[in-house]
file work.cif (mmCIF, C-alpha atoms and all ligand atoms)
data_target
loop_
_atom_site.label_atom_id
_atom_site.label_comp_id
_atom_site.auth_asym_id
_atom_site.auth_seq_id
_atom_site.Cartn_x
_atom_site.Cartn_y
_atom_site.Cartn_z
CA MET A 1 70.74 55.25 -1.06
CA PHE A 2 71.47 52.67 1.62
CA LYS A 3 68.45 50.78 2.95
CA ILE A 4 68.70 48.43 5.94
CA ARG A 5 66.54 45.32 6.40
CA PHE A 6 66.74 42.94 9.36
CA ARG A 7 65.40 39.63 10.71
CA PRO A 8 65.64 38.23 14.24
CA TYR A 9 66.88 34.63 14.13
CA THR A 10 67.50 32.07 16.87
CA LEU A 11 70.59 29.98 16.29
CA ASN A 12 70.21 26.53 17.86
CA LEU A 13 73.25 24.75 19.28
CA LYS A 14 73.83 21.03 18.85
CA TYR A 15 74.99 20.62 22.46
CA VAL A 16 74.70 22.68 25.66
CA PHE A 17 77.41 25.35 25.62
CA ARG A 18 78.81 25.72 29.14
CA ILE A 19 81.54 28.08 30.34
CA SER A 20 82.59 29.32 33.79
CA ARG A 21 79.87 31.99 33.71
CA GLY A 22 76.79 30.08 32.53
CA GLU A 23 75.24 27.80 29.92
CA ARG A 24 72.82 27.93 26.99
CA LEU A 25 71.33 25.92 24.10
CA SER A 26 70.69 28.75 21.62
CA THR A 27 71.99 32.19 20.72
CA PRO A 28 69.83 35.14 19.62
CA LEU A 29 70.91 36.76 16.36
CA LEU A 30 69.85 39.69 14.28
CA LEU A 31 70.56 39.14 10.59
CA THR A 32 70.83 42.24 8.43
CA ALA A 33 70.76 43.02 4.72
CA ILE A 34 71.64 46.45 3.31
CA ASP A 35 70.61 47.41 -0.23
CA TYR A 36 72.61 49.97 -2.20
CA GLU A 37 72.08 50.70 -5.92
CA GLY A 38 71.03 47.14 -6.75
CA VAL A 39 73.73 45.49 -4.62
CA THR A 40 72.89 43.76 -1.33
CA GLY A 41 75.32 43.18 1.53
CA TYR A 42 74.69 40.84 4.45
CA GLY A 43 75.57 41.22 8.11
CA GLU A 44 74.90 39.61 11.47
CA ALA A 45 74.75 40.42 15.17
CA SER A 46 75.31 37.48 17.53
CA MET A 47 74.26 38.32 21.08
CA PRO A 48 75.03 35.86 23.87
CA PRO A 49 72.99 37.25 26.81
CA LEU A 50 76.13 37.74 28.99
CA TYR A 51 77.15 40.65 26.79
CA GLY A 52 73.97 42.65 27.41
CA GLU A 53 72.51 43.01 23.90
CA SER A 54 69.29 41.37 22.67
CA GLN A 55 67.24 41.13 19.50
CA ASP A 56 65.05 43.97 20.82
CA SER A 57 67.97 46.25 21.67
CA ALA A 58 69.57 45.58 18.27
CA ILE A 59 66.30 46.30 16.40
CA ASN A 60 65.80 49.51 18.40
CA PHE A 61 69.33 50.58 17.58
CA ILE A 62 69.14 49.81 13.86
CA LYS A 63 65.85 51.72 13.55
CA LYS A 64 67.74 54.83 14.70
CA VAL A 65 70.44 54.48 12.04
CA ASP A 66 69.87 56.64 8.97
CA LEU A 67 72.50 56.22 6.25
CA SER A 68 70.68 58.47 3.74
CA GLY A 69 73.34 61.18 4.09
CA PHE A 70 76.04 58.87 2.71
CA ASN A 71 76.72 58.10 -0.94
CA ASP A 72 80.21 56.59 -1.16
CA PRO A 73 80.05 52.81 -0.51
CA PHE A 74 83.84 52.70 -0.02
CA ASP A 75 83.88 55.35 2.73
CA ILE A 76 82.93 52.83 5.41
CA ASP A 77 85.08 54.61 8.00
CA SER A 78 82.86 57.72 7.86
CA MET A 79 79.68 55.65 7.93
CA MET A 80 80.86 53.65 10.94
CA GLN A 81 81.94 56.82 12.77
CA TYR A 82 78.36 58.02 12.34
CA VAL A 83 76.86 54.62 13.33
CA ASP A 84 79.04 54.58 16.44
CA SER A 85 77.80 58.07 17.38
CA VAL A 86 74.10 57.13 17.25
CA GLU A 87 74.22 55.55 20.74
CA PRO A 88 76.93 54.02 22.94
CA GLY A 89 77.24 50.22 23.33
CA ASN A 90 75.33 48.06 20.83
CA THR A 91 78.60 46.67 19.45
CA ALA A 92 77.02 43.56 17.91
CA ALA A 93 74.28 45.61 16.22
CA LYS A 94 76.93 48.02 14.91
CA ALA A 95 78.96 45.05 13.62
CA SER A 96 75.94 43.78 11.67
CA ILE A 97 75.87 47.07 9.76
CA ASP A 98 79.65 47.22 9.29
CA ILE A 99 79.78 43.70 7.85
CA ALA A 100 76.92 44.31 5.40
CA LEU A 101 78.66 47.54 4.24
CA HIS A 102 81.93 45.67 3.63
CA ASP A 103 80.00 43.01 1.73
CA ILE A 104 78.55 45.72 -0.52
CA ALA A 105 81.96 47.39 -1.09
CA GLY A 106 83.57 44.06 -1.97
CA LYS A 107 80.78 43.15 -4.37
CA ILE A 108 81.01 46.53 -6.14
CA ALA A 109 84.82 46.24 -6.39
CA LYS A 110 84.47 42.53 -7.33
CA LYS A 111 87.01 41.66 -4.64
CA PRO A 112 86.98 39.68 -1.41
CA VAL A 113 87.18 42.05 1.54
CA TYR A 114 90.76 41.07 2.48
CA LYS A 115 91.86 42.48 -0.89
CA LEU A 116 90.01 45.75 -0.17
CA PHE A 117 92.16 45.87 2.99
CA ASP A 118 95.36 45.15 0.97
CA LEU A 119 95.96 42.03 3.04
CA PRO A 120 97.66 38.95 1.60
CA GLY A 121 95.51 36.00 0.54
CA LEU A 122 95.58 32.71 2.42
CA GLU A 123 94.57 29.43 0.82
CA SER A 124 93.45 28.05 4.15
CA VAL A 125 93.99 28.49 7.86
CA ALA A 126 93.65 26.04 10.77
CA THR A 127 91.11 26.86 13.47
CA SER A 128 90.81 25.49 16.97
CA ARG A 129 87.61 23.63 17.94
CA THR A 130 86.12 24.55 21.30
CA ILE A 131 85.24 21.94 23.94
CA SER A 132 82.94 23.46 26.56
CA ILE A 133 82.78 22.50 30.25
CA ASP A 134 81.08 19.17 30.90
CA LYS A 135 81.34 15.80 32.64
CA PRO A 136 84.51 13.85 31.78
CA ASP A 137 82.79 11.18 29.65
CA ILE A 138 81.02 13.82 27.56
CA ILE A 139 84.27 15.76 27.15
CA LYS A 140 85.94 12.60 25.87
CA GLU A 141 83.15 12.15 23.35
CA ARG A 142 83.36 15.77 22.12
CA THR A 143 87.13 15.54 21.87
CA LYS A 144 86.86 12.41 19.72
CA GLU A 145 84.27 14.13 17.51
CA ALA A 146 86.81 16.95 16.96
CA LYS A 147 89.49 14.59 15.64
CA ASP A 148 89.83 16.52 12.34
CA PHE A 149 91.08 19.60 14.20
CA GLN A 150 94.78 20.20 14.77
CA ILE A 151 94.15 22.41 17.82
CA LEU A 152 91.50 22.27 20.54
CA LYS A 153 90.33 25.10 22.78
CA ILE A 154 89.33 23.92 26.24
CA LYS A 155 86.99 25.89 28.49
CA MET A 156 88.13 25.99 32.10
CA GLY A 157 87.63 28.13 35.20
CA SER A 158 85.30 25.75 37.01
CA ILE A 159 86.00 23.40 39.93
CA ASN A 160 86.78 20.44 37.67
CA ASP A 161 89.65 21.89 35.59
CA ARG A 162 91.95 18.93 36.33
CA GLU A 163 89.24 16.41 35.34
CA VAL A 164 88.61 18.30 32.12
CA MET A 165 92.29 18.17 31.20
CA GLU A 166 92.58 14.47 32.04
CA ALA A 167 89.53 13.66 29.93
CA VAL A 168 90.88 15.54 26.90
CA LYS A 169 94.40 14.13 27.25
CA SER A 170 93.07 10.56 27.51
CA VAL A 171 91.83 10.72 23.90
CA SER A 172 93.89 13.44 22.16
CA ASP A 173 97.42 14.83 22.06
CA VAL A 174 96.91 17.93 19.87
CA PRO A 175 98.08 21.34 21.17
CA LEU A 176 95.53 23.09 23.39
CA TYR A 177 94.35 26.64 23.93
CA VAL A 178 92.73 27.22 27.33
CA ASP A 179 89.99 29.78 28.05
CA ALA A 180 89.20 30.37 31.73
CA ASN A 181 86.52 33.03 31.00
CA GLN A 182 87.53 35.03 34.13
CA GLY A 183 87.05 31.91 36.26
CA TRP A 184 90.19 32.09 38.46
CA LYS A 185 89.64 34.67 41.17
CA GLU A 186 93.00 34.48 42.96
CA LYS A 187 96.31 35.41 41.32
CA SER A 188 98.52 32.71 42.85
CA LEU A 189 95.92 30.05 41.98
CA ALA A 190 95.88 31.38 38.41
CA LEU A 191 99.70 31.24 38.26
CA ASP A 192 99.79 27.68 39.66
CA ASN A 193 97.19 26.65 37.09
CA ILE A 194 99.17 28.18 34.24
CA HIS A 195 102.38 26.38 35.30
CA TRP A 196 100.40 23.15 35.39
CA LEU A 197 98.83 23.85 31.97
CA LYS A 198 102.25 24.45 30.45
CA GLU A 199 103.24 20.91 31.40
CA HIS A 200 100.18 19.67 29.46
CA GLY A 201 101.09 21.23 26.13
CA VAL A 202 98.93 24.34 26.39
CA VAL A 203 99.85 27.16 23.97
CA PHE A 204 98.22 30.13 25.71
CA VAL A 205 95.58 31.01 28.30
CA GLU A 206 92.66 33.30 27.57
CA GLN A 207 91.17 35.66 30.18
CA PRO A 208 92.36 33.83 33.33
CA MET A 209 91.01 36.41 35.80
CA PRO A 210 88.01 38.77 36.13
CA ILE A 211 88.20 41.94 34.07
CA ASP A 212 88.17 44.23 37.12
CA MET A 213 91.23 42.54 38.73
CA LYS A 214 93.71 44.73 36.86
CA ASP A 215 96.58 44.78 39.39
CA GLU A 216 96.42 41.00 39.70
CA MET A 217 96.42 40.61 35.92
CA ALA A 218 99.51 42.85 35.57
CA TRP A 219 101.24 40.72 38.24
CA LEU A 220 100.21 37.51 36.47
CA LYS A 221 101.36 38.76 33.06
CA ASP A 222 104.90 39.35 34.35
CA LYS A 223 105.17 35.90 35.95
CA SER A 224 103.21 33.68 33.56
CA PRO A 225 105.20 30.97 31.74
CA LEU A 226 102.55 31.00 28.96
CA PRO A 227 101.18 33.90 26.89
CA ILE A 228 97.99 35.39 28.34
CA VAL A 229 95.29 36.66 25.96
CA GLY A 230 92.66 39.25 26.89
CA ASP A 231 89.13 38.55 25.64
CA GLU A 232 86.36 39.97 27.85
CA SER A 233 88.79 42.80 28.84
CA ILE A 234 89.46 43.78 25.24
CA GLN A 235 86.37 44.98 23.43
CA ARG A 236 87.39 47.88 21.21
CA LEU A 237 90.32 49.88 19.84
CA THR A 238 90.74 52.01 22.98
CA ASP A 239 91.19 48.81 25.02
CA VAL A 240 94.20 47.83 22.87
CA GLU A 241 96.12 50.96 23.85
CA ARG A 242 96.89 49.68 27.36
CA ALA A 243 96.48 45.95 26.66
CA ASP A 244 100.23 45.27 26.91
CA ASP A 245 100.16 46.17 30.63
CA PHE A 246 98.00 43.11 31.26
CA TYR A 247 98.22 40.73 28.31
CA HIS A 248 100.59 39.24 25.74
CA GLY A 249 97.83 39.09 23.16
CA ILE A 250 94.25 40.11 22.41
CA ASN A 251 91.21 38.21 21.16
CA ILE A 252 89.42 40.21 18.46
CA LYS A 253 85.77 39.32 17.86
CA LEU A 254 83.76 41.29 15.32
CA VAL A 255 80.70 41.53 17.60
CA LYS A 256 82.86 43.26 20.23
CA SER A 257 84.87 45.48 17.86
CA THR A 258 81.78 46.85 16.00
CA GLY A 259 82.91 44.93 12.92
CA LEU A 260 85.71 44.79 10.38
CA ASN A 261 86.53 48.50 10.17
CA GLU A 262 87.58 48.74 13.83
CA GLY A 263 88.67 45.09 14.04
CA LEU A 264 91.28 45.81 11.36
CA LYS A 265 92.55 48.84 13.30
CA MET A 266 92.74 46.75 16.49
CA ALA A 267 94.78 44.03 14.79
CA LYS A 268 97.20 46.55 13.29
CA LEU A 269 97.66 48.43 16.57
CA ALA A 270 98.18 45.18 18.46
CA LYS A 271 100.88 44.12 16.00
CA ASP A 272 102.59 47.53 16.26
CA LYS A 273 102.68 47.06 20.03
CA GLY A 274 104.14 43.56 19.76
CA LEU A 275 100.96 41.89 20.98
CA LYS A 276 99.78 38.56 19.60
CA VAL A 277 96.48 38.58 17.72
CA MET A 278 93.79 35.97 18.13
CA LEU A 279 90.62 35.99 16.02
CA GLY A 280 87.61 34.67 17.91
CA CYS A 281 83.86 34.28 17.54
CA MET A 282 80.54 33.63 19.28
CA SER A 283 78.02 31.01 18.24
CA GLU A 284 77.23 32.49 14.86
CA THR A 285 76.35 31.72 11.25
CA SER A 286 78.72 31.52 8.28
CA CYS A 287 78.07 35.25 7.80
CA LEU A 288 80.14 36.42 10.79
CA ILE A 289 82.65 33.58 10.36
CA SER A 290 83.26 34.41 6.68
CA ALA A 291 83.64 38.10 7.56
CA ALA A 292 86.17 37.35 10.32
CA PHE A 293 88.14 35.10 7.96
CA GLN A 294 88.94 38.23 5.91
CA LEU A 295 91.31 39.31 8.73
CA ALA A 296 92.93 35.88 9.12
CA SER A 297 96.32 36.88 7.70
CA LEU A 298 96.77 39.29 10.63
CA ALA A 299 96.15 36.61 13.28
CA ASP A 300 98.60 34.41 15.14
CA TRP A 301 95.81 32.19 16.47
CA ILE A 302 92.44 31.44 14.85
CA ASP A 303 89.38 30.33 16.81
CA LEU A 304 86.60 30.57 14.24
CA ASP A 305 84.39 27.54 14.85
CA GLY A 306 81.16 29.26 15.97
CA ASN A 307 79.20 28.06 12.90
CA LEU A 308 80.11 24.39 13.39
CA GLY A 309 78.22 23.40 16.54
CA VAL A 310 74.87 24.74 15.32
CA THR A 311 71.90 22.97 13.70
CA ASN A 312 70.35 25.78 11.63
CA ASN A 313 73.12 27.82 10.01
CA PRO A 314 71.18 29.49 7.17
CA TYR A 315 74.22 30.61 5.17
CA GLN A 316 76.91 29.00 3.08
CA GLY A 317 80.27 30.79 3.03
CA ILE A 318 83.86 30.11 4.05
CA GLU A 319 83.85 26.37 4.73
CA THR A 320 85.80 24.39 7.30
CA ILE A 321 87.32 21.17 5.95
CA ASN A 322 89.59 18.94 8.05
CA GLY A 323 89.92 21.65 10.68
CA LYS A 324 90.84 24.38 8.21
CA LEU A 325 88.90 27.36 6.91
CA ILE A 326 89.22 27.37 3.12
CA ASN A 327 89.39 30.68 1.26
CA ASN A 328 86.77 30.89 -1.51
CA ASP A 329 87.74 34.32 -2.91
CA VAL A 330 84.07 35.21 -3.38
CA PRO A 331 83.62 39.02 -3.71
CA GLY A 332 82.51 40.66 -0.45
CA ILE A 333 82.67 38.74 2.82
CA GLY A 334 82.53 35.33 1.11
CA LEU A 335 78.87 34.23 1.31
CA ILE A 336 77.53 32.06 -1.52
CA ASN A 337 74.03 32.93 -2.85
CA PRO A 338 73.01 34.63 0.41
CA GLU A 339 69.82 35.98 -1.23
CA LEU A 340 68.43 32.42 -1.34
CA SER A 341 69.19 31.96 2.37
CA TRP A 342 67.55 35.29 3.16
CA GLU A 343 64.38 34.18 1.32
CA ASN A 344 64.27 31.01 3.41
CA ILE A 345 64.83 32.96 6.63
CA THR A 346 61.99 35.31 5.67
CA LYS A 347 59.58 32.42 5.01
CA ARG A 348 59.86 31.11 8.58
MG MG B 1 87.17 33.76 25.40
#

call {"tool": "encode", "arguments": {"input": "work.cif", "output": "structure tokens"}}
result
Amino acid sequence: MFKIRFRPYTLNLKYVFRISRGERLSTPLLLTAIDYEGVTGYGEASMPPLYGESQDSAINFIKKVDLSGFNDPFDIDSMMQYVDSVEPGNTAAKASIDIALHDIAGKIAKKPVYKLFDLPGLESVATSRTISIDKPDIIKERTKEAKDFQILKIKMGSINDREVMEAVKSVSDVPLYVDANQGWKEKSLALDNIHWLKEHGVVFVEQPMPIDMKDEMAWLKDKSPLPIVGDESIQRLTDVERADDFYHGINIKLVKSTGLNEGLKMAKLAKDKGLKVMLGCMSETSCLISAAFQLASLADWIDLDGNLGVTNNPYQGIETINGKLINNDVPGIGLINPELSWENITKR
């Protein structure tokens, strides 16, 4: 019998996180644990308010989920089909269940999840470190702090894009990813910006324009001198089917995809369609980061730094050393002694 437990948890950020659509100093989470025949799997929902979920909505959703009709811990596809049918939306809450189920399956099989998926093992993989929108002197400081990273991801889409770039370039010459978070509202402005970014060593641009500006995005995709990656536009598997009309690549995040089961399908479909695959994250603990790492061999670009800029990450899992996530080959999603962390979380 599967039994779900959960705890609301507020993840505190070290610095204000500012993008083109708002700012915050903490992120609400719902941490989950699922027990099955003496094995416990751990999961997590990270819910930045912009995406519409909350701790209350996630708790309400999980209370409606009844896994008592299921007995095969390896048939996660059937369980997630059922979970998805309980109510629309709630993708982060669904992901928290999916991840805990994969953790259980890996622990029973005594394999890390990437091996359950028949994916190759990676010793380590470089991640970008995100620099959020700020005043130039603060951006310089953050860029210097990120000196161990071989790639930086710069948030743009505000009025000071040029200042941001100058500030970063004055202290670093690593390759850059740029994320405009829908901030450029005019197609020729977006194209001008992308030409300018190319001259500054930018590798690709994420979500340059608003998600409802489809015709403009298709126009921009044809003309852009840099690859364009869909993030807010690409939530789930059905979004990948037409993604190549608008984007050269997609950003898969487990809290959007409802977890690993559908995230894996999205990555495979994207590759079949010749799209680039980026693995991304929210502000989150080592639980979601370690789970996402299991798909790393399918990704062209890794942006899994959401556990680094936080002050109260309760879990230990896949670690980041010198800008690289290091595989630990721990069975399941890769958390180390999560039951001790869960006890501490419960004591709060
Ligand atoms: Mg993004």

call {"tool": "residues_near_ligand", "arguments": {"input": "work.cif", "ligand": "ligand MG 1 (chain B)", "cutoff": "9 Å", "atoms": "only C-alpha atoms and all ligand atoms", "output": "list of chain:residue names"}}
result
A:Lys155, A:Val178, A:Asp179, A:Ala180, A:Asn181, A:Gln182, A:Glu206, A:Gln207, A:Val229, A:Gly230, A:Asp231, A:Glu232, A:Asn251, A:Gly280, A:Cys281

call {"tool": "atom_distance", "arguments": {"input": "work.cif", "atom1": "atom CA of Phe17 of chain A", "atom2": "atom CA of Ile159 of chain A"}}
result
16.8 Å

call {"tool": "closest_residue", "arguments": {"input": "work.cif", "among": "A:Asp272, A:Asp84, A:Asp75, A:Asp98", "to": "Ala33 of chain A", "atoms": "all atoms listed in the file"}}
result
A:Asp98

call {"tool": "closest_residue", "arguments": {"input": "work.cif", "among": "A:Ile97, A:Leu30, A:Ile19, A:Ile336", "to": "Arg7 of chain A", "atoms": "all atoms listed in the file"}}
result
A:Leu30

call {"tool": "closest_residue", "arguments": {"input": "work.cif", "among": "A:Val255, A:Ile59, A:Ile133, A:Ile104", "to": "Asp72 of chain A", "atoms": "all atoms listed in the file"}}
result
A:Ile104

call {"tool": "residues_around", "arguments": {"input": "work.cif", "residues": "Val65 of chain A", "least_positions_apart": "3", "cutoff": "9 Å", "atoms": "only C-alpha atoms", "output": "PyMOL selection string"}}
result
chain A and resi 4+61-62+82-83+86

call {"tool": "write_last_selection", "arguments": {"input": "work.cif", "atoms": "C-alpha atoms", "output": "PDB file, in the frame of the given file"}}
result
ATOM      1  CA  ILE A   4      68.700  48.430   5.940  1.00  0.00           C
ATOM      2  CA  PHE A  61      69.330  50.580  17.580  1.00  0.00           C
ATOM      3  CA  ILE A  62      69.140  49.810  13.860  1.00  0.00           C
ATOM      4  CA  TYR A  82      78.360  58.020  12.340  1.00  0.00           C
ATOM      5  CA  VAL A  83      76.860  54.620  13.330  1.00  0.00           C
ATOM      6  CA  VAL A  86      74.100  57.130  17.250  1.00  0.00           C
TER       7      VAL A  86
END

call {"tool": "residues_around", "arguments": {"input": "work.cif", "residues": "Asp35 of chain A", "least_positions_apart": "3", "cutoff": "10 Å", "atoms": "all atoms listed in the file", "output": "VMD selection string"}}
result
chain A and resid 1 to 5 38 to 42 100 to 101 104

call {"tool": "residues_around", "arguments": {"input": "work.cif", "residues": "Ala167 of chain A", "least_positions_apart": "4", "cutoff": "8 Å", "atoms": "all atoms listed in the file", "output": "list in words"}}
result
Pro136, Asp137, Ile139, Lys140, Glu163 and Val171 of chain A

call {"tool": "atom_distance", "arguments": {"input": "work.cif", "atom1": "atom CA of Leu189 of chain A", "atom2": "atom CA of His248 of chain A"}}
result
19.2 Å

call {"tool": "closest_residue", "arguments": {"input": "work.cif", "among": "A:Arg18, A:Arg129, A:Lys276, A:Lys115", "to": "Phe204 of chain A", "atoms": "all atoms listed in the file"}}
result
A:Lys276

call {"tool": "closest_residue", "arguments": {"input": "work.cif", "among": "A:Ile252, A:Leu325, A:Val310, A:Ala58", "to": "Thr27 of chain A", "atoms": "all atoms listed in the file"}}
result
A:Val310

call {"tool": "atom_distance", "arguments": {"input": "work.cif", "atom1": "atom CA of Asp239 of chain A", "atom2": "atom CA of Phe293 of chain A"}}
result
22.1 Å

call {"tool": "closest_residue", "arguments": {"input": "work.cif", "among": "A:Asn307, A:Ser158, A:Thr130, A:Asn337", "to": "Ala292 of chain A", "atoms": "all atoms listed in the file"}}
result
A:Asn307

call {"tool": "axis_aligned_box", "arguments": {"input": "work.cif", "around": "segment 251-263 of chain A", "padding_each_side": "3 Å", "output": "lines of an AutoDock Vina configuration file"}}
result
center_x = 86.0
center_y = 43.5
center_z = 15.7
size_x = 16.5
size_y = 16.5
size_z = 17.0
